[in-house]
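Structure file protein_28.tsv (TSV, C-alpha atoms) is printed below.
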```
chain	number	residue	atom	x	y	z
A	1	MET	CA	2.42	-8.98	-20.86
A	2	ALA	CA	2.10	-5.83	-22.93
A	3	VAL	CA	3.54	-2.51	-21.82
A	4	GLN	CA	1.04	-0.81	-19.53
A	5	GLN	CA	-0.22	2.71	-19.80
A	6	ASN	CA	0.57	4.97	-16.88
A	7	LEU	CA	-1.93	6.20	-14.32
A	8	ASN	CA	-1.92	9.84	-13.19
A	9	VAL	CA	-3.10	10.74	-9.69
A	10	TRP	CA	-2.84	14.29	-8.38
A	11	TYR	CA	-2.00	14.89	-4.73
A	12	ARG	CA	-1.85	17.73	-2.24
A	13	ALA	CA	0.80	17.31	0.45
A	14	LYS	CA	0.24	19.74	3.30
A	15	ARG	CA	2.79	20.68	5.98
A	16	PHE	CA	5.54	18.32	4.82
A	17	PRO	CA	9.12	19.66	4.95
A	18	SER	CA	9.94	21.40	1.66
A	19	LYS	CA	13.20	19.44	1.35
A	20	VAL	CA	11.11	16.24	1.23
A	21	VAL	CA	8.06	17.38	-0.73
A	22	ALA	CA	9.10	20.23	-2.99
A	23	ARG	CA	5.65	20.97	-4.43
A	24	GLU	CA	2.49	20.93	-2.35
A	25	THR	CA	0.41	20.01	-5.39
A	26	ASP	CA	1.80	17.55	-7.92
A	27	CYS	CA	0.94	14.49	-9.98
A	28	MET	CA	2.16	10.95	-9.39
A	29	THR	CA	2.60	8.90	-12.56
A	30	PHE	CA	2.84	5.13	-12.17
A	31	PRO	CA	1.84	1.87	-13.90
A	32	ILE	CA	-1.13	-0.27	-12.89
A	33	ASP	CA	1.29	-2.77	-11.31
A	34	ASP	CA	2.06	-0.23	-8.57
A	35	LEU	CA	-1.60	-0.25	-7.61
A	36	ALA	CA	-1.68	-4.07	-7.55
A	37	HIS	CA	1.42	-4.18	-5.34
A	38	ALA	CA	0.08	-1.57	-2.94
A	39	LEU	CA	-3.28	-3.32	-2.61
A	40	PHE	CA	-1.46	-6.55	-1.74
A	41	VAL	CA	1.08	-5.31	0.82
A	42	THR	CA	-1.27	-3.07	2.83
A	43	GLY	CA	-3.74	-5.86	3.64
A	44	ARG	CA	-4.45	-6.51	7.30
A	45	ALA	CA	-5.13	-10.25	7.12
A	46	PRO	CA	-2.90	-12.15	9.59
A	47	ALA	CA	-0.05	-14.13	8.11
A	48	ASP	CA	0.39	-16.59	10.99
A	49	ARG	CA	0.22	-19.76	8.95
A	50	ALA	CA	0.04	-22.06	11.97
A	51	ALA	CA	-3.16	-20.35	13.12
A	52	HIS	CA	-4.77	-19.38	9.82
A	53	GLY	CA	-3.40	-21.65	7.12
A	54	ALA	CA	-3.53	-20.04	3.70
A	55	THR	CA	-6.91	-18.38	4.25
A	56	SER	CA	-5.34	-14.95	4.56
A	57	LEU	CA	-4.20	-15.27	0.95
A	58	TYR	CA	-7.81	-15.04	-0.21
A	59	GLU	CA	-8.20	-11.69	1.57
A	60	TRP	CA	-5.11	-10.30	-0.13
A	61	LEU	CA	-6.18	-11.50	-3.55
A	62	HIS	CA	-9.69	-10.15	-2.99
A	63	ARG	CA	-8.22	-6.71	-2.24
A	64	VAL	CA	-6.12	-6.81	-5.39
A	65	ALA	CA	-9.11	-7.80	-7.54
A	66	LEU	CA	-10.97	-4.63	-6.50
A	67	ALA	CA	-8.96	-2.63	-9.05
A	68	PRO	CA	-10.16	-4.30	-12.28
A	69	ALA	CA	-13.66	-4.65	-10.83
A	70	TYR	CA	-14.26	-1.08	-9.70
A	71	LEU	CA	-11.67	1.28	-11.25
A	72	ARG	CA	-11.49	2.57	-14.80
A	73	ILE	CA	-8.85	4.55	-16.70
A	74	ALA	CA	-10.14	7.78	-18.23
A	75	PRO	CA	-8.36	9.70	-21.00
A	76	GLY	CA	-5.07	11.06	-19.68
A	77	GLY	CA	-4.60	8.17	-17.24
A	78	ARG	CA	-6.94	9.47	-14.56
A	79	LEU	CA	-8.65	6.86	-12.37
A	80	MET	CA	-12.43	6.86	-12.13
A	81	ARG	CA	-14.94	4.60	-10.42
A	82	SER	CA	-16.77	2.20	-12.68
A	83	ASP	CA	-20.53	2.28	-12.99
A	84	LEU	CA	-20.58	-0.89	-10.89
A	85	ALA	CA	-18.69	0.92	-8.11
A	86	ARG	CA	-21.17	3.79	-8.19
A	87	GLU	CA	-24.03	1.31	-7.79
A	88	LEU	CA	-22.64	-0.33	-4.63
A	89	ASP	CA	-24.61	0.16	-1.45
A	90	ARG	CA	-23.22	2.44	1.23
A	91	SER	CA	-21.39	-0.21	3.26
A	92	GLU	CA	-19.78	-1.64	0.11
A	93	LYS	CA	-18.66	1.83	-0.97
A	94	VAL	CA	-17.14	2.40	2.46
A	95	ALA	CA	-15.18	-0.86	2.20
A	96	LEU	CA	-13.95	0.01	-1.29
A	97	SER	CA	-12.91	3.52	-0.21
A	98	TYR	CA	-11.12	2.11	2.85
A	99	THR	CA	-9.08	-0.30	0.73
A	100	LEU	CA	-8.23	2.31	-1.91
A	101	GLY	CA	-7.17	4.71	0.83
A	102	GLN	CA	-4.62	2.22	2.11
A	103	ALA	CA	-3.33	1.37	-1.37
A	104	MET	CA	-2.88	5.00	-2.37
A	105	THR	CA	-1.13	5.68	0.94
A	106	GLY	CA	1.27	2.91	-0.06
A	107	ILE	CA	1.95	4.43	-3.47
A	108	PHE	CA	2.38	7.94	-2.04
A	109	SER	CA	4.73	6.55	0.64
A	110	GLU	CA	7.00	4.86	-1.88
A	111	ARG	CA	6.89	7.45	-4.64
A	112	VAL	CA	7.16	10.60	-2.51
A	113	LEU	CA	8.69	9.52	0.83
A	114	SER	CA	10.98	6.68	-0.35
A	115	VAL	CA	9.31	4.05	1.85
A	116	ARG	CA	10.53	0.54	0.99
A	117	PHE	CA	8.39	-1.51	3.37
A	118	LEU	CA	4.84	-0.66	4.49
A	119	MET	CA	2.34	-2.87	6.30
A	120	HIS	CA	-0.79	-2.74	8.40
A	121	VAL	CA	-0.22	-2.25	12.14
A	122	ASP	CA	-2.85	-4.89	12.91
A	123	ARG	CA	-1.07	-7.50	10.79
A	124	TYR	CA	2.13	-7.09	12.79
A	125	ALA	CA	0.22	-6.96	16.07
A	126	SER	CA	-1.72	-10.12	15.24
A	127	ARG	CA	1.39	-11.98	14.11
A	128	TYR	CA	3.31	-11.27	17.31
A	129	LYS	CA	0.39	-11.09	19.75
A	130	LEU	CA	0.87	-7.42	20.66
A	131	ALA	CA	-1.77	-6.09	23.04
A	132	PHE	CA	-2.85	-2.45	22.89
A	133	ASP	CA	-4.44	-0.29	25.53
A	134	GLN	CA	-8.16	-0.79	24.98
A	135	SER	CA	-9.03	2.57	26.54
A	136	SER	CA	-8.48	4.14	23.13
A	137	LYS	CA	-9.79	2.58	19.93
A	138	ARG	CA	-7.93	5.06	17.76
A	139	ARG	CA	-4.75	3.80	16.17
A	140	ALA	CA	-2.90	4.57	12.95
A	141	ASP	CA	-3.36	2.04	10.13
A	142	LEU	CA	0.06	1.59	8.58
A	143	PHE	CA	3.73	1.76	9.47
A	144	GLY	CA	6.87	1.14	7.52
A	145	GLN	CA	10.51	1.83	6.87
A	146	ARG	CA	12.22	4.15	4.39
A	147	LEU	CA	15.22	3.32	2.23
A	148	ASP	CA	17.50	5.08	4.74
A	149	GLY	CA	16.08	3.05	7.64
A	150	GLY	CA	13.84	5.75	9.12
A	151	TRP	CA	10.32	4.81	10.21
A	152	VAL	CA	6.99	6.24	9.07
A	153	VAL	CA	3.47	6.00	10.49
A	154	ALA	CA	0.43	6.64	8.30
A	155	GLU	CA	-3.29	6.95	8.93
A	156	SER	CA	-5.16	6.15	5.71
A	157	LYS	CA	-8.68	7.15	4.76
A	158	GLY	CA	-10.91	6.82	1.73
A	159	ARG	CA	-13.92	8.83	0.65
A	160	SER	CA	-16.33	8.80	-2.29
A	161	GLY	CA	-16.36	12.60	-2.36
A	162	THR	CA	-14.17	15.50	-1.28
A	163	VAL	CA	-12.17	15.44	1.96
A	164	ASP	CA	-13.67	17.91	4.43
A	165	TRP	CA	-12.20	19.67	7.48
A	166	LYS	CA	-13.61	17.07	9.87
A	167	LEU	CA	-11.84	14.21	8.11
A	168	GLU	CA	-8.59	16.17	8.09
A	169	GLN	CA	-8.82	16.58	11.87
A	170	THR	CA	-9.54	12.85	12.30
A	171	MET	CA	-6.45	11.97	10.26
A	172	ILE	CA	-4.34	14.38	12.28
A	173	ALA	CA	-5.46	12.77	15.53
A	174	GLN	CA	-5.07	9.15	14.45
A	175	LYS	CA	-1.75	9.49	12.67
A	176	GLY	CA	-0.28	10.76	15.98
A	177	THR	CA	-1.28	7.71	18.05
A	178	ILE	CA	2.12	6.00	17.59
A	179	LYS	CA	4.96	8.12	18.92
A	180	SER	CA	7.79	5.64	18.39
A	181	ILE	CA	8.58	2.30	16.76
A	182	GLY	CA	10.88	0.09	18.77
A	183	GLY	CA	11.84	3.19	20.76
A	184	VAL	CA	12.71	5.24	17.65
A	185	LYS	CA	10.72	8.34	16.73
A	186	PRO	CA	9.36	8.09	13.18
A	187	ASP	CA	10.56	10.46	10.48
A	188	PHE	CA	6.97	11.08	9.42
A	189	THR	CA	3.57	10.52	10.99
A	190	PHE	CA	1.06	11.58	8.37
A	191	GLY	CA	-2.52	11.17	7.30
A	192	CYS	CA	-3.40	10.27	3.73
A	193	ALA	CA	-6.85	10.22	2.14
A	194	ALA	CA	-7.83	8.90	-1.29
A	195	HIS	CA	-10.97	10.58	-2.53
A	196	PHE	CA	-12.98	11.44	-5.64
A	197	PRO	CA	-13.51	15.21	-5.71
A	198	LYS	CA	-16.05	16.57	-8.16
A	199	LEU	CA	-14.55	18.82	-10.80
A	200	ASN	CA	-16.19	21.68	-12.67
A	201	ASP	CA	-17.33	19.33	-15.45
A	202	ASN	CA	-18.87	16.94	-12.86
A	203	SER	CA	-16.21	14.24	-13.37
A	204	GLU	CA	-14.68	12.65	-10.25
A	205	PRO	CA	-11.06	11.47	-10.71
A	206	LEU	CA	-9.17	9.83	-7.87
A	207	ALA	CA	-6.97	12.26	-5.90
A	208	ILE	CA	-4.92	12.23	-2.70
A	209	LEU	CA	-4.66	14.55	0.27
A	210	ALA	CA	-1.66	13.94	2.56
A	211	ILE	CA	-1.01	15.96	5.72
A	212	ASP	CA	1.95	15.85	8.10
A	213	PRO	CA	1.41	18.00	11.20
A	214	PRO	CA	4.11	17.48	13.84
A	215	ASP	CA	2.17	16.81	17.04
A	216	PHE	CA	1.35	13.52	18.82
A	217	GLU	CA	-1.73	12.53	20.76
A	218	PRO	CA	-1.36	12.51	24.58
A	219	GLU	CA	-2.09	8.75	24.63
A	220	ALA	CA	0.38	7.94	21.83
A	221	ILE	CA	2.09	4.58	22.26
A	222	ASP	CA	5.41	2.97	21.43
A	223	LEU	CA	4.87	0.21	18.88
A	224	ARG	CA	7.05	-2.64	20.11
A	225	VAL	CA	8.78	-3.70	16.92
A	226	THR	CA	12.11	-5.39	16.27
A	227	PRO	CA	13.65	-5.04	12.79
A	228	ASP	CA	14.04	-8.80	12.29
A	229	ARG	CA	10.40	-9.53	13.17
A	230	PHE	CA	9.26	-6.63	11.04
A	231	ILE	CA	10.98	-8.03	7.96
A	232	GLN	CA	9.74	-11.56	8.61
A	233	CYS	CA	6.15	-10.37	8.95
A	234	TYR	CA	6.38	-8.15	5.88
A	235	TYR	CA	7.36	-10.95	3.49
A	236	GLU	CA	5.09	-13.71	4.79
A	237	PRO	CA	2.23	-12.88	2.38
A	238	PHE	CA	4.61	-13.26	-0.54
A	239	LEU	CA	5.87	-16.61	0.73
A	240	ILE	CA	2.30	-17.86	1.06
A	241	ALA	CA	1.41	-16.56	-2.41
A	242	LEU	CA	4.38	-18.41	-3.90
A	243	GLU	CA	3.52	-21.67	-2.15
A	244	GLU	CA	-0.24	-21.81	-2.71
A	245	VAL	CA	-0.18	-22.06	-6.48
A	246	SER	CA	0.79	-24.85	-8.85
A	247	HIS	CA	2.24	-22.68	-11.63
A	248	ARG	CA	5.58	-21.15	-10.63
A	249	GLU	CA	8.58	-20.22	-12.73
A	250	VAL	CA	12.10	-18.88	-12.46
A	251	ARG	CA	12.32	-15.53	-14.26
A	252	GLY	CA	15.81	-14.09	-14.05
A	253	ASP	CA	16.51	-13.39	-10.37
A	254	PHE	CA	12.85	-13.91	-9.37
A	255	ILE	CA	10.62	-16.81	-8.43
A	256	VAL	CA	7.17	-15.99	-9.84
A	257	ALA	CA	3.73	-17.44	-9.09
A	258	HIS	CA	0.93	-17.17	-11.67
A	259	TYR	CA	-2.64	-16.38	-10.65
A	260	ASP	CA	-4.00	-16.48	-14.17
A	261	SER	CA	-7.69	-16.23	-13.27
A	262	LEU	CA	-6.93	-12.85	-11.66
A	263	GLY	CA	-4.55	-11.68	-14.37
A	264	LEU	CA	-1.83	-11.47	-11.72
A	265	GLN	CA	1.74	-12.59	-11.17
A	266	ILE	CA	3.46	-12.34	-7.78
A	267	GLY	CA	7.19	-12.87	-7.34
A	268	LEU	CA	10.15	-12.41	-5.02
A	269	LEU	CA	13.89	-12.24	-5.50
A	270	ARG	CA	15.23	-15.77	-5.13
A	271	SER	CA	17.94	-14.63	-2.73
A	272	VAL	CA	15.38	-12.96	-0.44
A	273	LEU	CA	13.08	-15.98	-0.67
A	274	GLU	CA	15.90	-18.31	0.37
A	275	ARG	CA	16.76	-16.09	3.35
A	276	MET	CA	13.10	-15.90	4.38
A	277	GLU	CA	12.79	-19.68	4.22
A	278	ARG	CA	15.76	-19.96	6.56
A	279	ALA	CA	14.06	-17.48	8.90
A	280	ARG	CA	10.93	-19.62	8.91
A	281	ASP	CA	13.12	-22.52	10.03
A	282	GLY	CA	14.25	-20.44	13.01
A	283	PHE	CA	17.26	-18.54	11.72
A	284	THR	CA	15.86	-15.05	12.31
A	285	SER	CA	18.88	-13.34	13.89
A	286	GLY	CA	20.26	-10.72	11.50
A	287	LEU	CA	17.32	-11.10	9.11
A	288	HIS	CA	16.76	-7.35	8.64
A	289	HIS	CA	20.44	-6.75	7.92
A	290	ASP	CA	20.68	-9.68	5.52
A	291	VAL	CA	17.56	-8.79	3.53
A	292	THR	CA	18.31	-5.07	3.23
A	293	THR	CA	21.86	-5.90	2.14
A	294	LEU	CA	20.50	-8.18	-0.59
A	295	LEU	CA	18.08	-5.50	-1.72
A	296	ASN	CA	20.74	-2.81	-1.80
A	297	GLU	CA	22.85	-5.10	-4.00
A	298	GLN	CA	20.15	-6.39	-6.36
A	299	VAL	CA	17.41	-3.75	-6.71
A	300	PRO	CA	18.33	-1.05	-9.25
A	301	ALA	CA	17.84	2.61	-8.38
A	302	GLU	CA	15.56	2.95	-11.43
A	303	ARG	CA	13.36	-0.07	-10.97
A	304	PRO	CA	11.61	-1.60	-13.99
A	305	ALA	CA	7.81	-1.52	-14.06
A	306	GLY	CA	6.40	-4.37	-12.00
A	307	GLN	CA	9.47	-4.62	-9.76
A	308	PHE	CA	9.59	-2.86	-6.41
A	309	LEU	CA	11.99	-1.48	-3.82
A	310	ASP	CA	11.24	-4.42	-1.52
A	311	GLY	CA	12.55	-6.97	-4.04
A	312	THR	CA	9.11	-8.19	-5.04
A	313	LEU	CA	7.51	-8.49	-8.45
A	314	VAL	CA	3.82	-7.84	-9.09
A	315	LYS	CA	2.56	-7.88	-12.67
A	316	SER	CA	-1.06	-7.41	-13.65
A	317	ASN	CA	-2.94	-7.90	-16.90
A	318	TRP	CA	-5.86	-5.57	-16.29
A	319	ASP	CA	-5.64	-3.12	-19.19
A	320	ALA	CA	-8.69	-4.54	-20.96
A	321	SER	CA	-10.81	-4.49	-17.81
A	322	MET	CA	-9.75	-1.07	-16.60
A	323	ASN	CA	-10.13	0.53	-20.02
A	324	GLN	CA	-13.77	-0.44	-20.38
A	325	ASP	CA	-15.96	2.55	-21.09
A	326	ASP	CA	-18.36	1.93	-18.20
A	327	TRP	CA	-17.52	4.81	-15.91
A	328	SER	CA	-18.97	8.01	-17.36
A	329	GLU	CA	-19.50	9.83	-20.61
A	330	VAL	CA	-18.30	13.06	-18.99
A	331	TYR	CA	-14.61	13.76	-19.45
A	332	TYR	CA	-12.46	15.46	-16.85
A	333	VAL	CA	-10.52	18.71	-17.03
A	334	GLU	CA	-6.75	18.69	-16.63
A	335	LYS	CA	-6.50	20.34	-13.21
A	336	PHE	CA	-8.68	20.56	-10.13
```
If you took the structure in this file and wrote it as structure tokens, what would it be?
Amino acid sequence: MAVQQNLNVWYRAKRFPSKVVARETDCMTFPIDDLAHALFVTGRAPADRAAHGATSLYEWLHRVALAPAYLRIAPGGRLMRSDLARELDRSEKVALSYTLGQAMTGIFSERVLSVRFLMHVDRYASRYKLAFDQSSKRRADLFGQRLDGGWVVAESKGRSGTVDWKLEQTMIAQKGTIKSIGGVKPDFTFGCAAHFPKLNDNSEPLAILAIDPPDFEPEAIDLRVTPDRFIQCYYEPFLIALEEVSHREVRGDFIVAHYDSLGLQIGLLRSVLERMERARDGFTSGLHHDVTTLLNEQVPAERPAGQFLDGTLVKSNWDASMNQDDWSEVYYVEKF
């Protein structure tokens, strides 16, 4: 696959510690593959193969395919909605915004907060039959673990326009609904919204607002998570993706599955795959330790494009689709 052009997405990060986020307003630069990876890992479809077979794979692949269908790259690497995305009805736009919100939360988490693993709370809860107090329907979307082992909780949102004060307050409330993970207080509980603010020239490039106020909701819960189960649940979508395709190859240290009709390749370090297969056979004790040790040994500090901190590989071939000139004839200005 040819070398991809980079995408540029500006963010505002409010109330984060300055030692973590040095500049409140900054630009993230990343290849398209980062977007494909984030769309895949943040899906909420259950991965319990005994109960659902491989059907959850279709939900993950559908999420990933939203990028070449509805996003376009404007001059300077800014992301815009395609004309097709603008023509969706309201419910379809809401679904697209929701999915983009989760994906951009994933990219912000890795790029800015050094999060190695991130997944949907409901996917873990469904996999291990966790029951929540039904008196409150509010619950944060995503949780994960940083390179240093600390936990994060994130509430993700997506909007077609600018984030208003009301949405900020909603994110603040929902991100604080999980006070601890396995009894450990998270390093960060933040809200993150992907949105398309209108600039002075009427263009609407994708942007991010992240906010990290320190308080918790009175009804905040402890998410009952064990590190070994967390790791097993995290990698199950990749195991399914590798098994449900006829075209696989060994590429260096990776086993890679080809989804050619989607212009997508999904892979996993062979050493991690072998350990996960042993876990599926019942050898789960020490799984978190074993996998993180393998990653620390095999994943370079400066990862190549298409390879990720979690030892996975996601490569897309979407440049032609995302560079179509079907988004707008109005060009953006450099800052907003």
(request) Pick out the residues sitting within 9 Å of Leu287 of chain A, and hand them over as a ChimeraX atom specification; count all atoms listed in the file, and ignore anything fewer than 5 positions along from it in its own chain. (result) /A:227-229,231-232,275-276,279,292
(message) Counting only C-alpha atoms, which residue out of A:Phe230, A:Trp318, A:Phe30, A:Tyr58 sits closest to Gln265 of chain A?
(response)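 Going through A:Phe230, A:Trp318, A:Phe30, A:Tyr58 one by one, the smallest distance to Gln265 of chain A is for A:Trp318.
Interatomic distance, atom CA of Thr226 of chain A to atom CA of Ala210 of chain A: 27.4 Å.
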(request) May I ask which of the residues A:Glu236, A:Ser246, A:Asp253, A:Ala38 is the closest one to Arg280 of chain A, counting only C-alpha atoms? (result)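 Between A:Glu236, A:Ser246, A:Asp253, A:Ala38, the residue approaching Arg280 of chain A most closely is A:Glu236.
For the set A:Thr293, A:Asn6, A:Ser97, A:Ser261, the residue with the smallest atom-to-atom gap to Gly149 of chain A is A:Thr293, counting all atoms listed in the file.
Nearest-residue note for Ser91 of chain A: choosing from A:Leu239, A:Glu244, A:Ser160, A:Asn296, the minimum distance belongs to A:Ser160, counting all atoms listed in the file.
For Val115 of chain A, the list of residues within 6 Å, based on only C-alpha atoms and with local chain neighbours fewer than 3 positions off taken out, reads Ser109, Glu110, Gln145, Arg146 and Leu147 of chain A.
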Please produce a file of the residues just selected, as a JSON list (two decimals), keeping the file's coordinate frame, where the atoms kept are C-alpha atoms.
```
[["chain", "number", "residue", "atom", "x", "y", "z"],
["A", 109, "SER", "CA", 4.73, 6.55, 0.64],
["A", 110, "GLU", "CA", 7.00, 4.86, -1.88],
["A", 145, "GLN", "CA", 10.51, 1.83, 6.87],
["A", 146, "ARG", "CA", 12.22, 4.15, 4.39],
["A", 147, "LEU", "CA", 15.22, 3.32, 2.23]]
```
(request) Pick out the residues sitting within 12 Å of Ala301 of chain A, and hand them over as a ChimeraX atom specification; count all atoms listed in the file, and ignore anything fewer than 4 positions along from it in its own chain. (result) /A:114,147,295-297,307-311
(request) For Arg72 of chain A, list every protein, DNA or RNA residue within 7 Å, evaluated using all atoms listed in the file, and leave out those in the same chain fewer than 4 positions away; present the list as a VMD selection string. (result) chain A and resid 79 to 82 322 to 324 327
(request) Considering only C-alpha atoms, return as a list in words whatever protein or nucleic-acid residues lie within 10 Å of Thr170 of chain A, sequence-local ones (same chain, fewer than 3 positions apart) excluded. (result)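 My list of contacting residues is Arg138, Glu155, Lys157, Trp165, Lys166, Leu167, Ala173, Gln174, Lys175 and Gly191 of chain A.
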Restricting the output to C-alpha atoms, write the selected residues as a tab-separated table (two decimals), in the coordinates of the input.
```tsv
chain	number	residue	atom	x	y	z
A	138	ARG	CA	-7.93	5.06	17.76
A	155	GLU	CA	-3.29	6.95	8.93
A	157	LYS	CA	-8.68	7.15	4.76
A	165	TRP	CA	-12.20	19.67	7.48
A	166	LYS	CA	-13.61	17.07	9.87
A	167	LEU	CA	-11.84	14.21	8.11
A	173	ALA	CA	-5.46	12.77	15.53
A	174	GLN	CA	-5.07	9.15	14.45
A	175	LYS	CA	-1.75	9.49	12.67
A	191	GLY	CA	-2.52	11.17	7.30
```
(request) Figure out the distance between atom CA of His120 of chain A and atom CA of Thr162 of chain A, please, to one decimal in Å. (result) 24.6 Å
(request) Could you please determine the separation between atom CA of Gly267 of chain A and atom CA of Thr312 of chain A in Å, to one decimal place? (result)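 Atom-to-atom, atom CA of Gly267 of chain A to atom CA of Thr312 of chain A, that is 5.6 Å.
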(request) Identify which of the residues A:Gly144, A:Gly252, A:Gly161, A:Gly263 lies closest to Phe190 of chain A, counting all atoms listed in the file when measuring atom-to-atom distances. (result)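 Comparing A:Gly144, A:Gly252, A:Gly161, A:Gly263 against Phe190 of chain A, the winner is A:Gly144.
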(request) Taking (-6.6, -16.3, -13.7) in the file's own coordinates, collect the residues within 12 Å, counting only C-alpha atoms, and hand them back as a PyMOL selection string. (result) chain A and resi 61+65+245+247+257-265+316-318
(message) I need the residue nearest Thr99 of chain A from this list: A:Tyr11, A:Ala193, A:Ala74, A:Thr29. Use all atoms listed in the file for the distance.
(response) A:Ala193
Centre and size of axis-aligned box enclosing segment 144-150 of chain A plus 5 Å each side, as JSON:
```
{"center_x": 12.2, "center_y": 3.4, "center_z": 5.7, "size_x": 20.6, "size_y": 14.6, "size_z": 16.9}
```
